[in-house]
Amino acid sequence: MPLFLKKIIMTGLLSTLGNLVYAEVVVVVPNESPIQELTSLQLSDIYLGRLTQLPGGEPVRPIDQTEQTPAHGEFYQQYLGRTPAQIRSHWSRLIFTGRGQPPKAVRSNDDMARELSRNPNTIGYMAPEAVPDSLRILTIGS
């Protein structure tokens, strides 16, 4: 078998394995949250510091996970189409120019659940199997 063909087969196998390993991340809010659903643009704007209030006037406060958690990179890639490096660069620019501060970051799904339960106007993300009864999964539309 030619080397070129072997490379194509290996690339296909590795990309399939990567999809199997990829763990879904869901966006969550407290059960008491006024937020029922968001568009992907609204979610992006919330996590990039461009949106602090929803169209109805409700305040919204994003909670992030630290870069060391698997959910961090998955969330930004899945929902914002950005890498952790791009997110760091974005916040570095805003901090340097005095136009914003990044969201508070927690170290685990459990910490995320605790932080979200303290304020109905917060939004976060975690692995779907980690969502406790006090939170609900939010629908993200196009």
# chains A, B, ... in the order shown; residues from 1 in each chain; ligands from 1

call {"tool": "residues_around", "arguments": {"residues": "range 23-39 of chain A", "least_positions_apart": "6", "cutoff": "8 Å", "atoms": "only C-alpha atoms", "output": "list of chain:residue names"}}
result
A:Glu58, A:Ala71, A:Glu74, A:Phe75, A:Gln78, A:Leu116, A:Ser117, A:Asn119, A:Pro120, A:Asn121, A:Thr122, A:Ile123, A:Gly124, A:Tyr125, A:Met126, A:Ala127, A:Pro128, A:Val131, A:Ser134, A:Leu135, A:Arg136, A:Ile137, A:Leu138, A:Thr139, A:Ile140, A:Gly141, A:Ser142

call {"tool": "select_by_dssp", "arguments": {"residues": "range 16-112 of chain A", "states": "helix (DSSP H, G or I)", "output": "number ranges by chain"}}
result
A: 16-21, 40-47, 70-80, 84-97, 109-112

call {"tool": "closest_residue", "arguments": {"among": "A:Arg82, A:Asp133, A:Pro103, A:Ala113", "to": "Tyr47 in chain A", "atoms": "only C-alpha atoms"}}
result
A:Pro103

call {"tool": "decode", "arguments": {"residues": "range 2-140 of chain A", "atoms": "C-alpha atoms", "output": "short mmCIF file (atom, residue, chain, number, x, y, z; two decimals), in the first residue's frame"}}
result
data_model
loop_
_atom_site.label_atom_id
_atom_site.label_comp_id
_atom_site.auth_asym_id
_atom_site.auth_seq_id
_atom_site.Cartn_x
_atom_site.Cartn_y
_atom_site.Cartn_z
CA PRO A 2 1.46 3.38 -0.97
CA LEU A 3 2.51 5.73 1.83
CA PHE A 4 0.11 8.41 0.58
CA LEU A 5 -2.87 6.07 0.96
CA LYS A 6 -1.74 5.02 4.44
CA LYS A 7 -1.62 8.67 5.50
CA ILE A 8 -5.14 9.28 4.23
CA ILE A 9 -6.47 6.23 6.08
CA MET A 10 -4.69 7.22 9.31
CA THR A 11 -6.00 10.78 9.08
CA GLY A 12 -9.55 9.46 8.67
CA LEU A 13 -9.18 7.10 11.63
CA LEU A 14 -7.70 9.78 13.87
CA SER A 15 -10.42 12.29 13.03
CA THR A 16 -13.07 9.67 13.81
CA LEU A 17 -11.43 8.89 17.14
CA GLY A 18 -11.27 12.59 17.93
CA ASN A 19 -15.02 12.87 17.47
CA LEU A 20 -15.62 9.90 19.76
CA VAL A 21 -13.49 11.43 22.50
CA TYR A 22 -15.11 14.86 22.13
CA ALA A 23 -17.39 15.43 25.09
CA GLU A 24 -20.39 17.65 24.61
CA VAL A 25 -20.72 20.75 26.77
CA VAL A 26 -24.10 22.29 27.54
CA VAL A 27 -25.01 25.84 28.52
CA VAL A 28 -26.81 26.03 31.87
CA VAL A 29 -28.66 28.58 33.97
CA PRO A 30 -30.28 28.40 37.42
CA ASN A 31 -33.89 27.17 37.40
CA GLU A 32 -34.95 30.66 38.58
CA SER A 33 -33.26 32.37 35.62
CA PRO A 34 -35.43 34.58 33.41
CA ILE A 35 -33.42 33.36 30.39
CA GLN A 36 -35.37 30.79 28.36
CA GLU A 37 -33.18 30.58 25.26
CA LEU A 38 -30.38 32.44 23.53
CA THR A 39 -29.08 32.73 20.01
CA SER A 40 -25.51 31.69 19.36
CA LEU A 41 -24.70 35.37 18.70
CA GLN A 42 -26.13 36.42 22.08
CA LEU A 43 -24.15 33.67 23.84
CA SER A 44 -20.98 34.74 22.05
CA ASP A 45 -21.58 38.39 22.95
CA ILE A 46 -22.18 37.47 26.61
CA TYR A 47 -18.93 35.51 26.89
CA LEU A 48 -16.92 38.12 24.98
CA GLY A 49 -18.12 40.93 27.25
CA ARG A 50 -20.21 42.71 24.62
CA LEU A 51 -23.61 41.94 26.16
CA THR A 52 -24.39 42.47 29.85
CA GLN A 53 -28.17 42.78 29.54
CA LEU A 54 -30.65 40.78 27.52
CA PRO A 55 -33.13 42.54 25.20
CA GLY A 56 -35.78 42.39 27.95
CA GLY A 57 -33.45 44.33 30.26
CA GLU A 58 -32.48 41.38 32.47
CA PRO A 59 -28.82 41.50 33.52
CA VAL A 60 -26.69 38.49 32.64
CA ARG A 61 -23.39 37.48 34.26
CA PRO A 62 -21.30 34.74 32.59
CA ILE A 63 -19.29 32.28 34.66
CA ASP A 64 -16.33 30.63 32.96
CA GLN A 65 -14.26 27.55 33.75
CA THR A 66 -10.48 27.73 34.01
CA GLU A 67 -8.43 26.71 30.99
CA GLN A 68 -7.31 23.59 32.84
CA THR A 69 -10.80 22.07 32.65
CA PRO A 70 -11.77 20.00 29.59
CA ALA A 71 -15.05 21.93 29.34
CA HIS A 72 -13.29 25.28 28.75
CA GLY A 73 -11.81 24.55 25.34
CA GLU A 74 -14.81 22.50 24.29
CA PHE A 75 -17.23 25.31 25.13
CA TYR A 76 -15.34 28.00 23.24
CA GLN A 77 -14.81 25.77 20.21
CA GLN A 78 -18.36 24.39 20.16
CA TYR A 79 -20.32 27.60 20.80
CA LEU A 80 -18.03 30.50 19.85
CA GLY A 81 -15.81 28.82 17.25
CA ARG A 82 -12.68 30.09 19.01
CA THR A 83 -9.66 28.54 20.65
CA PRO A 84 -8.56 29.26 24.23
CA ALA A 85 -5.62 31.24 22.79
CA GLN A 86 -8.01 33.46 20.83
CA ILE A 87 -10.11 34.02 23.95
CA ARG A 88 -6.99 34.93 25.99
CA SER A 89 -5.98 37.39 23.29
CA HIS A 90 -9.45 38.94 23.22
CA TRP A 91 -9.50 39.52 26.98
CA SER A 92 -5.90 40.76 27.03
CA ARG A 93 -6.87 43.51 24.58
CA LEU A 94 -9.95 44.51 26.59
CA ILE A 95 -8.04 44.53 29.88
CA PHE A 96 -5.16 46.53 28.37
CA THR A 97 -7.51 49.16 26.96
CA GLY A 98 -9.61 49.28 30.14
CA ARG A 99 -12.76 48.16 28.33
CA GLY A 100 -13.53 45.00 30.24
CA GLN A 101 -12.68 42.14 32.57
CA PRO A 102 -13.07 38.44 31.79
CA PRO A 103 -15.82 36.43 33.46
CA LYS A 104 -15.16 34.89 36.85
CA ALA A 105 -13.66 31.42 36.33
CA VAL A 106 -14.28 28.31 38.43
CA ARG A 107 -12.26 25.09 38.58
CA SER A 108 -14.87 22.37 38.14
CA ASN A 109 -18.44 21.49 37.24
CA ASP A 110 -19.28 21.37 40.97
CA ASP A 111 -17.87 24.87 41.48
CA MET A 112 -19.87 26.04 38.45
CA ALA A 113 -23.09 24.63 39.92
CA ARG A 114 -22.42 26.32 43.28
CA GLU A 115 -21.64 29.67 41.65
CA LEU A 116 -24.72 29.59 39.43
CA SER A 117 -27.00 28.68 42.34
CA ARG A 118 -26.04 31.96 44.07
CA ASN A 119 -27.47 34.29 41.40
CA PRO A 120 -30.40 33.71 39.00
CA ASN A 121 -28.83 36.09 36.44
CA THR A 122 -25.76 33.92 35.86
CA ILE A 123 -25.02 31.62 32.94
CA GLY A 124 -22.41 28.89 32.64
CA TYR A 125 -21.48 25.63 30.96
CA MET A 126 -20.58 22.08 31.97
CA ALA A 127 -20.69 18.45 30.94
CA PRO A 128 -24.31 17.31 30.51
CA GLU A 129 -23.93 14.46 32.99
CA ALA A 130 -22.86 16.94 35.68
CA VAL A 131 -25.97 19.17 35.53
CA PRO A 132 -27.68 19.10 38.96
CA ASP A 133 -31.43 19.51 39.55
CA SER A 134 -30.90 23.17 40.56
CA LEU A 135 -29.83 24.06 36.99
CA ARG A 136 -31.44 23.69 33.59
CA ILE A 137 -29.93 23.26 30.17
CA LEU A 138 -30.47 26.25 27.91
CA THR A 139 -31.43 25.99 24.26
CA ILE A 140 -29.00 27.82 21.98
#
